[in-house]
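Peer 1: File name upload.csv; file contents CSV, C-alpha atoms and all ligand atoms; full text below.
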```
chain,number,residue,atom,x,y,z
N,262,THR,CA,45.2,23.8,109.1
N,263,GLN,CA,44.1,27.2,110.5
N,264,SER,CA,45.7,30.3,108.9
N,265,THR,CA,47.2,33.0,111.1
N,266,ARG,CA,46.1,36.6,111.2
N,267,PRO,CA,49.4,37.8,109.4
N,268,GLN,CA,48.7,35.2,106.7
N,269,ARG,CA,45.1,36.5,106.3
N,270,LEU,CA,46.5,40.1,106.2
N,271,LEU,CA,48.9,39.1,103.4
N,272,GLY,CA,46.0,37.5,101.5
N,273,ALA,CA,44.1,40.8,101.7
N,274,VAL,CA,47.2,42.6,100.2
N,275,GLN,CA,47.6,40.1,97.4
N,276,LYS,CA,43.9,40.2,96.6
N,277,ASN,CA,43.3,44.0,96.9
N,278,ALA,CA,46.5,45.8,96.3
N,279,THR,CA,48.4,46.4,93.0
N,280,ARG,CA,51.9,44.9,92.8
N,281,GLY,CA,54.5,47.7,92.9
N,282,ASP,CA,52.0,50.3,94.4
N,283,PRO,CA,53.0,50.9,98.0
N,284,ARG,CA,49.9,53.2,98.7
N,285,SER,CA,47.5,50.5,97.5
N,286,VAL,CA,49.3,48.0,99.9
N,287,VAL,CA,48.9,50.5,102.8
N,288,ARG,CA,45.2,51.0,101.9
N,289,ALA,CA,44.5,47.3,101.6
N,290,ILE,CA,46.0,46.6,105.1
N,291,ASP,CA,44.1,49.5,106.7
N,292,HIS,CA,40.8,48.3,105.1
N,293,PHE,CA,41.5,44.7,106.3
N,294,CYS,CA,42.3,45.9,109.9
N,295,ARG,CA,39.4,48.3,110.1
N,296,HIS,CA,36.7,46.1,108.7
N,297,LYS,CA,37.9,42.5,109.1
N,298,GLU,CA,40.5,41.9,111.8
N,299,TRP,CA,42.4,44.4,114.1
N,300,ALA,CA,46.1,44.1,113.9
N,301,MET,CA,48.9,46.1,115.6
N,302,ASN,CA,50.1,48.1,112.5
N,303,VAL,CA,50.8,51.8,113.3
N,304,GLY,CA,47.6,52.4,111.2
N,305,ASP,CA,46.3,55.2,109.0
N,306,GLU,CA,46.0,58.0,111.7
N,307,LYS,CA,49.4,57.6,113.3
N,308,GLY,CA,50.7,56.6,109.9
N,309,CYS,CA,50.1,60.2,108.6
N,310,ILE,CA,52.2,61.6,111.5
N,311,LEU,CA,54.9,59.0,110.7
N,312,ASP,CA,54.8,60.1,107.0
N,313,SER,CA,55.2,63.7,107.9
N,314,VAL,CA,58.2,63.0,110.2
N,315,VAL,CA,59.9,60.8,107.5
N,316,SER,CA,59.3,63.5,104.8
N,317,GLU,CA,60.7,66.2,107.2
N,318,VAL,CA,63.8,64.2,108.1
N,319,ASN,CA,64.4,62.9,104.5
N,320,PRO,CA,66.6,60.2,106.0
N,321,ALA,CA,69.4,58.3,104.2
N,322,ALA,CA,69.6,55.7,106.9
N,323,VAL,CA,66.6,54.4,108.9
N,324,LEU,CA,66.3,51.8,111.6
N,325,GLU,CA,62.8,50.3,112.3
N,326,LEU,CA,62.6,48.2,115.5
N,327,GLY,CA,59.5,46.0,115.0
N,328,THR,CA,58.5,45.0,111.5
N,329,TYR,CA,55.4,42.9,112.2
N,330,CYS,CA,53.7,42.6,108.8
N,331,GLY,CA,55.7,45.4,107.2
N,332,TYR,CA,53.0,48.1,107.2
N,333,SER,CA,55.1,50.9,108.6
N,334,THR,CA,58.1,49.5,106.6
N,335,VAL,CA,56.2,50.1,103.4
N,336,ARG,CA,55.0,53.6,104.5
N,337,ILE,CA,58.5,54.7,105.4
N,338,ALA,CA,60.3,53.0,102.4
N,339,SER,CA,57.9,54.5,99.9
N,340,LEU,CA,59.0,58.0,101.1
N,341,LEU,CA,62.7,57.5,101.1
N,342,PRO,CA,65.0,59.3,98.6
N,343,PRO,CA,66.9,57.2,96.0
N,344,HIS,CA,69.8,55.2,97.5
N,345,ALA,CA,68.4,55.6,101.1
N,346,LYS,CA,68.2,52.4,103.1
N,347,LEU,CA,65.8,51.1,105.7
N,348,ILE,CA,67.0,48.3,108.1
N,349,THR,CA,64.0,46.7,109.9
N,350,LEU,CA,64.4,44.3,112.7
N,351,GLU,CA,61.8,41.5,113.5
N,352,PHE,CA,62.1,39.0,116.4
N,353,ASN,CA,59.3,36.6,115.2
N,354,PRO,CA,60.2,34.5,112.2
N,355,ASP,CA,56.6,34.0,111.2
N,356,PHE,CA,56.0,37.8,111.1
N,357,ALA,CA,59.2,38.3,109.2
N,358,ALA,CA,58.2,35.8,106.5
N,359,ILE,CA,54.9,37.6,106.0
N,360,ALA,CA,56.6,41.0,106.0
N,361,ARG,CA,59.0,40.0,103.3
N,362,GLN,CA,56.1,39.2,101.0
N,363,VAL,CA,54.2,42.4,101.9
N,364,ILE,CA,57.4,44.5,101.2
N,365,ALA,CA,58.0,42.5,97.9
N,366,TRP,CA,54.3,43.1,96.8
N,367,ALA,CA,54.9,46.8,97.3
N,368,GLY,CA,58.0,46.6,95.1
N,369,LEU,CA,60.3,48.0,97.9
N,370,GLU,CA,62.8,45.1,98.4
N,371,GLU,CA,65.7,47.3,97.1
N,372,LYS,CA,65.2,49.9,99.8
N,373,VAL,CA,64.6,47.5,102.7
N,374,GLN,CA,66.8,45.1,104.6
N,375,LEU,CA,64.8,42.9,106.9
N,376,VAL,CA,66.9,41.3,109.7
N,377,GLU,CA,65.5,38.6,112.0
N,378,GLY,CA,66.5,38.6,115.7
N,379,ALA,CA,66.6,40.6,118.9
N,380,SER,CA,67.4,44.3,119.1
N,381,GLY,CA,69.8,43.8,122.0
N,382,ASP,CA,71.9,41.4,119.9
N,383,TRP,CA,71.8,43.3,116.6
N,384,ILE,CA,72.2,46.9,117.6
N,385,PRO,CA,75.9,46.4,118.7
N,386,LYS,CA,76.5,44.7,115.3
N,387,MET,CA,74.9,47.3,113.0
N,388,LYS,CA,78.1,49.1,112.1
N,389,GLU,CA,80.2,46.0,111.2
N,390,GLN,CA,77.3,44.0,109.6
N,391,PHE,CA,75.6,46.7,107.6
N,392,GLY,CA,78.2,49.4,107.1
N,393,VAL,CA,76.0,51.9,109.0
N,394,LYS,CA,77.7,55.0,110.4
N,395,THR,CA,74.7,56.6,112.2
N,396,PHE,CA,70.9,56.5,111.8
N,397,ASP,CA,69.1,59.7,110.7
N,398,LEU,CA,65.7,58.2,111.9
N,399,VAL,CA,64.8,55.4,114.2
N,400,PHE,CA,61.2,54.1,114.4
N,401,LEU,CA,60.6,52.3,117.7
N,402,ASP,CA,57.7,49.9,117.6
N,403,HIS,CA,58.9,46.7,119.2
N,404,TRP,CA,58.6,45.4,122.9
N,405,LYS,CA,57.6,48.5,124.9
N,406,ASP,CA,60.0,47.6,127.7
N,407,ARG,CA,62.9,47.6,125.2
N,408,TYR,CA,62.5,51.2,124.0
N,409,LEU,CA,64.6,52.6,126.8
N,410,PRO,CA,67.4,50.0,127.0
N,411,ASP,CA,67.7,50.0,123.2
N,412,THR,CA,67.9,53.8,123.1
N,413,LYS,CA,70.7,53.8,125.6
N,414,LEU,CA,72.4,51.0,123.7
N,415,MET,CA,72.2,53.0,120.4
N,416,GLU,CA,73.8,56.0,122.2
N,417,GLU,CA,76.6,53.8,123.6
N,418,CYS,CA,77.2,52.2,120.1
N,419,GLY,CA,77.6,55.6,118.5
N,420,LEU,CA,74.6,55.0,116.2
N,421,LEU,CA,73.0,58.4,116.9
N,422,ARG,CA,74.4,61.7,115.7
N,423,LYS,CA,73.5,65.3,116.6
N,424,GLY,CA,70.0,65.7,115.0
N,425,SER,CA,69.1,62.0,114.8
N,426,VAL,CA,65.4,61.6,115.2
N,427,LEU,CA,63.7,58.9,117.4
N,428,LEU,CA,60.0,58.3,116.7
N,429,ALA,CA,58.3,56.0,119.2
N,430,ASP,CA,54.9,54.3,118.7
N,431,ASN,CA,52.5,53.4,121.5
N,432,VAL,CA,53.9,55.8,124.1
N,433,ILE,CA,50.4,55.9,125.7
N,434,CYS,CA,48.9,52.5,124.7
N,435,PRO,CA,50.3,50.0,125.6
N,436,GLY,CA,52.6,52.7,127.0
N,437,THR,CA,56.4,53.2,127.5
N,438,PRO,CA,56.6,55.2,130.8
N,439,ASP,CA,60.3,54.8,131.5
N,440,TYR,CA,61.2,55.7,127.9
N,441,LEU,CA,59.0,58.8,128.0
N,442,GLU,CA,60.4,59.9,131.3
N,443,TYR,CA,63.9,59.5,129.9
N,444,VAL,CA,63.6,61.4,126.6
N,445,ARG,CA,61.5,64.1,128.2
N,446,SER,CA,63.9,64.8,131.1
N,447,SER,CA,67.3,64.1,129.5
N,448,PRO,CA,69.2,67.3,128.4
N,449,ARG,CA,70.4,65.2,125.4
N,450,TYR,CA,67.0,65.1,123.8
N,451,THR,CA,64.3,67.6,122.6
N,452,SER,CA,61.0,65.7,122.7
N,453,GLN,CA,57.5,66.4,121.2
N,454,TYR,CA,54.3,64.4,121.7
N,455,PHE,CA,51.9,63.8,118.8
N,456,LYS,CA,48.5,62.9,120.2
N,457,SER,CA,46.6,60.4,118.2
N,458,HIS,CA,44.7,57.1,118.7
N,459,LEU,CA,45.5,53.4,119.0
N,460,GLU,CA,45.4,52.0,115.5
N,461,TYR,CA,41.8,51.5,114.2
N,462,THR,CA,40.3,52.5,117.6
N,463,LYS,CA,39.1,55.5,119.6
N,464,VAL,CA,41.5,54.8,122.4
N,465,GLU,CA,44.2,57.5,123.0
N,466,ASP,CA,47.7,56.8,121.9
N,467,GLY,CA,50.4,58.9,120.4
N,468,LEU,CA,53.9,59.1,118.9
N,469,GLU,CA,56.8,60.7,120.7
N,470,LYS,CA,59.4,62.4,118.4
N,471,SER,CA,62.8,63.0,120.1
N,472,VAL,CA,65.8,64.7,118.6
N,473,PHE,CA,69.2,63.6,119.9
N,474,LEU,CA,71.3,66.6,120.6
N,475,GLY,CA,74.7,64.8,120.7
L,1,LIG,O1,53.4,44.9,121.2
L,1,LIG,C1,53.3,45.7,120.2
L,1,LIG,N1,54.4,45.7,119.4
L,1,LIG,C2,55.5,44.9,119.6
L,1,LIG,C3,55.3,43.5,119.0
L,1,LIG,C4,56.5,42.6,119.4
L,1,LIG,O2,57.7,43.1,119.0
L,1,LIG,C5,58.8,42.2,119.3
L,1,LIG,N2,60.0,42.7,118.5
L,1,LIG,C6,60.0,43.1,117.2
L,1,LIG,C7,61.3,43.4,116.9
L,1,LIG,C8,62.1,43.1,118.0
L,1,LIG,C9,63.5,43.2,118.2
L,1,LIG,N3,64.0,42.8,119.4
L,1,LIG,C10,63.2,42.4,120.4
L,1,LIG,C11,61.8,42.3,120.2
L,1,LIG,C12,61.3,42.7,119.0
L,1,LIG,C13,52.1,46.5,120.0
L,1,LIG,C14,51.0,46.2,120.7
L,1,LIG,C15,49.8,47.0,120.6
L,1,LIG,C16,48.6,46.7,121.3
L,1,LIG,C17,47.8,47.7,121.8
L,1,LIG,C18,46.6,47.5,122.6
L,1,LIG,C19,46.3,46.1,122.8
L,1,LIG,F1,45.1,45.9,123.5
L,1,LIG,C20,47.1,45.1,122.3
L,1,LIG,C21,48.2,45.4,121.6
L,1,LIG,C22,49.8,48.1,119.6
L,1,LIG,C23,51.0,48.4,118.9
L,1,LIG,O3,51.0,49.4,118.0
L,1,LIG,C24,52.1,47.6,119.1
L,1,LIG,O4,53.3,48.0,118.4
L,2,MG,MG,53.0,49.9,117.5
```
Would you mind writing the file out in structure tokens?
Peer 2:
Amino acid sequence: TQSTRPQRLLGAVQKNATRGDPRSVVRAIDHFCRHKEWAMNVGDEKGCILDSVVSEVNPAAVLELGTYCGYSTVRIASLLPPHAKLITLEFNPDFAAIARQVIAWAGLEEKVQLVEGASGDWIPKMKEQFGVKTFDLVFLDHWKDRYLPDTKLMEECGLLRKGSVLLADNVICPGTPDYLEYVRSSPRYTSQYFKSHLEYTKVEDGLEKSVFLG
């Protein structure tokens, strides 16, 4: 039977990356997506911006909304201090199954908890289910029309503290206009746009970094 693109991406990781070497996993995925098949990973250009924000925040607790094949999960987890935890949420069970194997190949299982399901269902249960107090960093990369409702939900559930950083992918392409309007106009956030390009293309895209002011 036909393989899926995520399965072929995993094959490229297992063929070209070294077990336990997160950077080689990232490099293998970027090479596959640039030269073989495009896929919706944050990619190498926006990935460098992601890396710099993660390093600056040096988070103990991270939430990623949208795992896909685990590319940004591996980038983030490889930069976390010891004992820091990354919870990543994926709606699609087939994507989740591939991501688990990519994360394992990178040797980062200890730092990552992959949860399957919808953000609207899981965000209200984060504290009781995972013993989370607040998130130091949230990477939004899931359905673009869920960025705003889920940000409001995280506020309501007390998952953000003064200084929590939201980093949102795709604020230009595919675009998240209602979310951008909200974080840029709300007195409760300080927002900054990092201009870049849609992964593996010349199309404009960017990341929006928003600091919650409490
Ligand atoms: O659609 C995208 N990502 C989202 C996937 C589903 O996420 C669903 N999902 C994952 C957890 C989760 C939790 N709760 C609900 C839904 C939840 C996405 C799309 C593009 C893109 C840009 C141009 C094109 F021509 C075509 C596609 C680029 C990106 O970087 C993206 O991230
Ligand atoms: Mg994205």
Peer 1: What are the closest atom pairs, with distances in Å to one decimal, for all residues of segment 297-339 of chain N lying within 7 Å of segment 362-372 of chain N? Consider all atoms listed in the file, order rows by chain and residue number, and present the result as a tab-separated table.
Peer 2:
```
residue	atom	partner	partner_atom	distance
N:Cys330	CA	N:Val363	CA	6.9
N:Gly331	CA	N:Val363	CA	6.3
N:Val335	CA	N:Ile364	CA	6.1
N:Ala338	CA	N:Lys372	CA	6.4
```
Peer 1: Restricting the calculation to all atoms listed in the file: of N:Lys470, N:Lys456, N:Arg422, N:Arg407, which residue gets closest to Lys394 of chain N?
Peer 2: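 Result for the nearest residue to Lys394 of chain N: N:Arg422.
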Peer 1: Enclose all atoms of segment 421-428 of chain N listed in the file in an axis-aligned box, grow every side by 6 Å, and hand back centre and edge lengths in Å to one decimal, as JSON.
Peer 2:
```
{"center_x": 67.2, "center_y": 62.0, "center_z": 116.1, "size_x": 26.4, "size_y": 19.4, "size_z": 14.6}
```
Peer 1: Please measure the separation of atom CA of Cys418 of chain N and atom CA of Ile384 of chain N, giving the value in Å to one decimal.
Peer 2: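 About the pair atom CA of Cys418 of chain N and atom CA of Ile384 of chain N: they are 7.7 Å apart.
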Peer 1: If we count only C-alpha atoms, what is near Met415 of chain N at a cut-off of 10 Å, once residues fewer than 4 positions away on the same chain are taken out, given as a compact mmCIF listing (two decimals) with C-alpha atoms, in the frame of the given file?
Peer 2:
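Resulting contents of result-v9.txt:
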```txt
# COMPACT_ATOMS: atom_id res chain seq x y z
CA GLY N 381 69.80 43.80 122.00
CA ILE N 384 72.20 46.90 117.60
CA PRO N 385 75.90 46.40 118.70
CA MET N 387 74.90 47.30 113.00
CA THR N 395 74.70 56.60 112.20
CA PHE N 396 70.90 56.50 111.80
CA VAL N 399 64.80 55.40 114.20
CA LEU N 409 64.60 52.60 126.80
CA PRO N 410 67.40 50.00 127.00
CA ASP N 411 67.70 50.00 123.20
CA GLY N 419 77.60 55.60 118.50
CA LEU N 420 74.60 55.00 116.20
CA LEU N 421 73.00 58.40 116.90
```
Peer 1: What is the atom CA of Gly281 of chain N-atom CA of Ala358 of chain N distance in Å, reported with one decimal?
Peer 2: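 Answer for the atom CA of Gly281 of chain N to atom CA of Ala358 of chain N separation: 18.4 Å.
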Peer 1: Residues at most 7 Å from ligand LIG 1 (chain L), using all atoms listed in the file? Could they come as number ranges by chain?
Peer 2: N: 301-303, 326-329, 350-353, 378-381, 402-405, 430-431, 434-435, 459-460
Peer 1: I'd like the interatomic distance between atom CA of Leu375 of chain N and atom CA of Ala357 of chain N, to a tenth of an Å.
Peer 2: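 Separation of atom CA of Leu375 of chain N and atom CA of Ala357 of chain N: 7.6 Å.
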Peer 1: Could you list, as a list in words, every residue within 12 Å of Arg284 of chain N, counting all atoms listed in the file and ignoring same-chain residues fewer than 5 positions away?
Peer 2: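 Once the adjacent positions are removed, what remains is Val274, Asn277, Ala278, Thr279, Ala289, Ile290, Asp291, Asp305, Gly308, Asp312, Tyr332, Ser333, Thr334, Val335, Arg336, Ile337, Ala338, Ser339, Leu340, Ile364, Trp366, Ala367, Gly368 and Leu369 of chain N.
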Peer 1: Quick one: residues within 8 Å of Pro342 of chain N, only C-alpha atoms counted, chain neighbours fewer than 4 positions away excluded, as a PyMOL selection string?
Peer 2: chain N and resi 319-321
Peer 1: Hey, which of N:Glu417, N:Asp397, N:Glu325, N:Asp382 ends up closest to ligand MG 2 (chain L)? Count all atoms listed in the file.
Peer 2: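 Nearest candidate to ligand MG 2 (chain L) out of N:Glu417, N:Asp397, N:Glu325, N:Asp382: N:Glu325.
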